[in-house]
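Structure first, commentary second.
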Amino acid sequence: MNSGDNSLAKKVVAVIVIVTLLGVIGIPPAMMLFMTGVVFVVWFVVRRSENRQLERIFEFYICADAILRDEERRWYGFEITEVIENGERVLEMMPDSPPLHYFALGALYHQMGNYEATVEYLSRLLEDEAYDETHRTSPSPQLRRYVAMLRRIEYQPSTAPQTLAAVRSLERTRRKCSARLLAESREFLDAAKKTVEPVVAKTPLPATTSEYREELPFSSVRPLSAISAPPPISEVLKDIYRDDKTTLH
């Protein structure tokens with residue numbers, strides 16, 4: 001009997017004990033039956049939700065392995081992006097996600113050319129001992145359920161052959177390619193930085209405010225006191241009339 005069967009047996013025994021105590025207290029049988037039904041429905045919904053979370057993890061493994069393993073098939077970018085988004089959502093559900101999950105995300109990001117995300121995930125996996133399986137000594141309930149389902153699939157391959165094949169393929173790829181993918185991603189990022197720095201150095205700086213002021217015409221900055229007003233219109237007309245008389249004579 002595995003851990004899952006033991007847990008189920010303990011819950012059944014607990015329900016029987018509770019019903020017995022309610023009968024001793026004097027609760028009507030109809031009420032006891034109703035409360036038992038409510039407890040069973042709540043337990044079933046919670047258990048189904050937990051199993052669905054585990055199913056989503058293994059579905060992500062199957063999709064990621066199909067993309068990383070099949071080099072002859074040309075995958076569209078939106079297909080890989082959707083798989084990555086599903087993997088990110090599943091990652092948020094578990095506080096201590098399996099290391100294989102981090103590798104799958106890092107490898108998919110590498111295939112999409114997102115080398116920063118690749119370095120972020122694979123550096124944790126390869127350089128931080130806390131992300132190694134042997135150091136997961138205090139698992140969360142989610143990780144414990146994940147490992148229980150994984151071992152069940154390994155002991156009974158006929159129950160989920162596609163899932164088991166995907167997990168084993170990802171594990172082989174992880175052992176062979178993790179270090180190479182991390183090194184390539186860091187090389188790409190270093191080369192990108194070296195390419196950007198000379199361009200920034202050669203870009204001319206904009207002129208300062210003082211330089212703009214020196215280029216302005218002198219007349220635009222003259223004080224108002226230095227500008228004389230034009231003569232009255234009457235004097236201008238007199239001068240014109242005097243010039244006409246002189247010309248006639």
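Each chain in the structure tokens gets a letter, A, B, ..., in the order shown, and its residues are numbered from 1; ligands are numbered from 1 in order too.
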Item checked: Selection near range 172-174 of chain A, 12 Å with only C-alpha atoms, sequence-local residues under 4 positions removed, as JSON, numbers by chain -> {"A": [64, 65, 68, 69, 99, 100, 101, 102, 103, 104, 105, 106, 107, 122, 125, 126, 165, 166, 167, 168, 178, 179, 180, 181, 182]}
Please produce a file of those selected residues containing N, CA, C and O atoms, as a short mmCIF file (atom, residue, chain, number, x, y, z; two decimals), in the first residue's frame.
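Okay, result33.cif is ready:
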```
data_model
loop_
_atom_site.label_atom_id
_atom_site.label_comp_id
_atom_site.auth_asym_id
_atom_site.auth_seq_id
_atom_site.Cartn_x
_atom_site.Cartn_y
_atom_site.Cartn_z
N ALA A 64 6.86 20.39 -23.70
CA ALA A 64 8.24 20.89 -23.76
C ALA A 64 9.16 19.85 -24.39
O ALA A 64 10.03 20.20 -25.20
N ASP A 65 8.98 18.60 -24.06
CA ASP A 65 9.82 17.55 -24.65
C ASP A 65 9.59 17.43 -26.15
O ASP A 65 10.54 17.23 -26.91
N LEU A 68 11.55 20.38 -27.73
CA LEU A 68 13.01 20.30 -27.60
C LEU A 68 13.59 19.07 -28.29
O LEU A 68 14.75 19.10 -28.73
N ARG A 69 12.82 18.02 -28.40
CA ARG A 69 13.36 16.77 -28.95
C ARG A 69 13.24 16.70 -30.45
O ARG A 69 14.15 16.21 -31.13
N PRO A 99 13.29 20.64 -10.08
CA PRO A 99 14.36 21.20 -10.92
C PRO A 99 14.15 20.94 -12.41
O PRO A 99 14.56 21.75 -13.24
N LEU A 100 13.52 19.83 -12.75
CA LEU A 100 13.26 19.54 -14.16
C LEU A 100 12.38 20.61 -14.78
O LEU A 100 12.50 20.90 -15.97
N HIS A 101 11.51 21.19 -13.99
CA HIS A 101 10.64 22.26 -14.48
C HIS A 101 11.46 23.49 -14.87
O HIS A 101 11.21 24.11 -15.90
N TYR A 102 12.44 23.83 -14.04
CA TYR A 102 13.30 24.97 -14.35
C TYR A 102 14.11 24.72 -15.62
O TYR A 102 14.29 25.64 -16.44
N PHE A 103 14.61 23.50 -15.78
CA PHE A 103 15.36 23.21 -17.00
C PHE A 103 14.49 23.33 -18.24
O PHE A 103 14.91 23.90 -19.25
N ALA A 104 13.28 22.79 -18.19
CA ALA A 104 12.40 22.85 -19.35
C ALA A 104 12.11 24.29 -19.75
O ALA A 104 12.15 24.65 -20.94
N LEU A 105 11.84 25.15 -18.77
CA LEU A 105 11.59 26.56 -19.08
C LEU A 105 12.84 27.23 -19.65
O LEU A 105 12.77 27.97 -20.63
N GLY A 106 14.00 26.98 -19.05
CA GLY A 106 15.23 27.59 -19.55
C GLY A 106 15.55 27.15 -20.97
O GLY A 106 15.96 27.96 -21.80
N ALA A 107 15.36 25.86 -21.27
CA ALA A 107 15.65 25.36 -22.62
C ALA A 107 14.67 25.95 -23.64
O ALA A 107 15.06 26.28 -24.77
N LEU A 122 18.61 28.55 -15.74
CA LEU A 122 19.65 27.52 -15.72
C LEU A 122 20.74 27.82 -14.70
O LEU A 122 21.37 26.90 -14.18
N LEU A 125 19.63 26.37 -11.54
CA LEU A 125 19.68 24.92 -11.58
C LEU A 125 21.09 24.38 -11.41
O LEU A 125 21.31 23.36 -10.75
N LEU A 126 22.08 25.06 -12.01
CA LEU A 126 23.44 24.54 -12.04
C LEU A 126 24.34 25.13 -10.95
O LEU A 126 25.35 24.51 -10.60
N ALA A 165 7.86 8.76 -20.79
CA ALA A 165 8.85 8.97 -21.86
C ALA A 165 9.30 10.43 -21.91
O ALA A 165 10.48 10.72 -22.10
N ALA A 166 8.37 11.36 -21.71
CA ALA A 166 8.72 12.78 -21.73
C ALA A 166 9.64 13.14 -20.56
O ALA A 166 10.62 13.87 -20.73
N VAL A 167 9.34 12.62 -19.38
CA VAL A 167 10.16 12.90 -18.21
C VAL A 167 11.57 12.36 -18.39
O VAL A 167 12.57 13.06 -18.13
N ARG A 168 11.69 11.14 -18.88
CA ARG A 168 13.02 10.55 -19.07
C ARG A 168 13.81 11.27 -20.15
O ARG A 168 15.03 11.47 -20.03
N SER A 178 22.44 21.15 -20.22
CA SER A 178 22.22 22.30 -19.32
C SER A 178 23.42 23.24 -19.32
O SER A 178 23.27 24.46 -19.50
N ALA A 179 24.61 22.70 -19.12
CA ALA A 179 25.81 23.55 -19.05
C ALA A 179 26.07 24.24 -20.38
O ALA A 179 26.44 25.42 -20.41
N ARG A 180 25.87 23.54 -21.48
CA ARG A 180 26.11 24.14 -22.80
C ARG A 180 25.14 25.28 -23.08
O ARG A 180 25.53 26.35 -23.57
N LEU A 181 23.86 25.08 -22.78
CA LEU A 181 22.87 26.13 -23.02
C LEU A 181 23.16 27.37 -22.17
O LEU A 181 23.01 28.50 -22.64
N LEU A 182 23.57 27.15 -20.92
CA LEU A 182 23.89 28.29 -20.06
C LEU A 182 25.10 29.05 -20.58
O LEU A 182 25.10 30.29 -20.62
#
```
Check: Which residue out of A:Ile67, A:Val196, A:Leu164, A:Val119 has the minimum interatomic distance to Glu79 in chain A when only C-alpha atoms are used?
Finding: A:Ile67
Quick one: which range 64-107 of chain A residues come within 9 Å of range 137-148 of chain A, and what is the nearest atom pair for each with the distance in Å to one decimal, counting only C-alpha atoms, rows ordered by chain and ascending number, as a tab-separated table?
```
residue	atom	partner	partner_atom	distance
A:Met93	CA	A:Gln142	CA	8.3
A:Met94	CA	A:Gln142	CA	6.1
A:Pro95	CA	A:Ser140	CA	7.2
A:Asp96	CA	A:Leu143	CA	6.7
A:Ser97	CA	A:Leu143	CA	6.8
A:Pro98	CA	A:Leu143	CA	7.4
```
Keeping only N, CA, C and O atoms, write the selected residues to a file as a PDB file, in the first residue's frame.
```
ATOM      1  N   MET A  93       2.322  27.806  -8.939  1.00  0.00           N
ATOM      2  CA  MET A  93       1.450  27.041  -8.047  1.00  0.00           C
ATOM      3  C   MET A  93       2.225  26.292  -6.977  1.00  0.00           C
ATOM      4  O   MET A  93       1.661  25.914  -5.947  1.00  0.00           O
ATOM      5  N   MET A  94       3.515  26.061  -7.212  1.00  0.00           N
ATOM      6  CA  MET A  94       4.307  25.241  -6.301  1.00  0.00           C
ATOM      7  C   MET A  94       5.476  26.052  -5.761  1.00  0.00           C
ATOM      8  O   MET A  94       6.277  26.572  -6.545  1.00  0.00           O
ATOM      9  N   PRO A  95       5.602  26.208  -4.454  1.00  0.00           N
ATOM     10  CA  PRO A  95       6.708  27.012  -3.910  1.00  0.00           C
ATOM     11  C   PRO A  95       8.075  26.394  -4.124  1.00  0.00           C
ATOM     12  O   PRO A  95       9.080  27.117  -4.152  1.00  0.00           O
ATOM     13  N   ASP A  96       8.141  25.078  -4.270  1.00  0.00           N
ATOM     14  CA  ASP A  96       9.422  24.390  -4.490  1.00  0.00           C
ATOM     15  C   ASP A  96       9.278  23.471  -5.703  1.00  0.00           C
ATOM     16  O   ASP A  96       9.252  22.252  -5.568  1.00  0.00           O
ATOM     17  N   SER A  97       9.176  24.090  -6.864  1.00  0.00           N
ATOM     18  CA  SER A  97       8.959  23.334  -8.097  1.00  0.00           C
ATOM     19  C   SER A  97      10.126  22.386  -8.370  1.00  0.00           C
ATOM     20  O   SER A  97      11.264  22.655  -7.960  1.00  0.00           O
ATOM     21  N   PRO A  98       9.879  21.305  -9.086  1.00  0.00           N
ATOM     22  CA  PRO A  98      10.956  20.352  -9.402  1.00  0.00           C
ATOM     23  C   PRO A  98      12.037  21.006 -10.260  1.00  0.00           C
ATOM     24  O   PRO A  98      11.741  21.857 -11.103  1.00  0.00           O
TER      25      PRO A  98
END
```
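Comparing the minimum interatomic distances between Leu170 in chain A and each of A:Ile25, A:Tyr61, A:Ile18, A:Arg136, counting only C-alpha atoms, we find that A:Tyr61 sits nearest.
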Margin query: For the alpha helix (DSSP H) assignment from backbone DSSP, which residues of range 15-165 of chain A qualify? Please present them as a VMD selection string.
Written below: chain A and resid 15 to 25 29 to 69 77 to 93 99 to 112 115 to 127 141 to 155 161 to 165
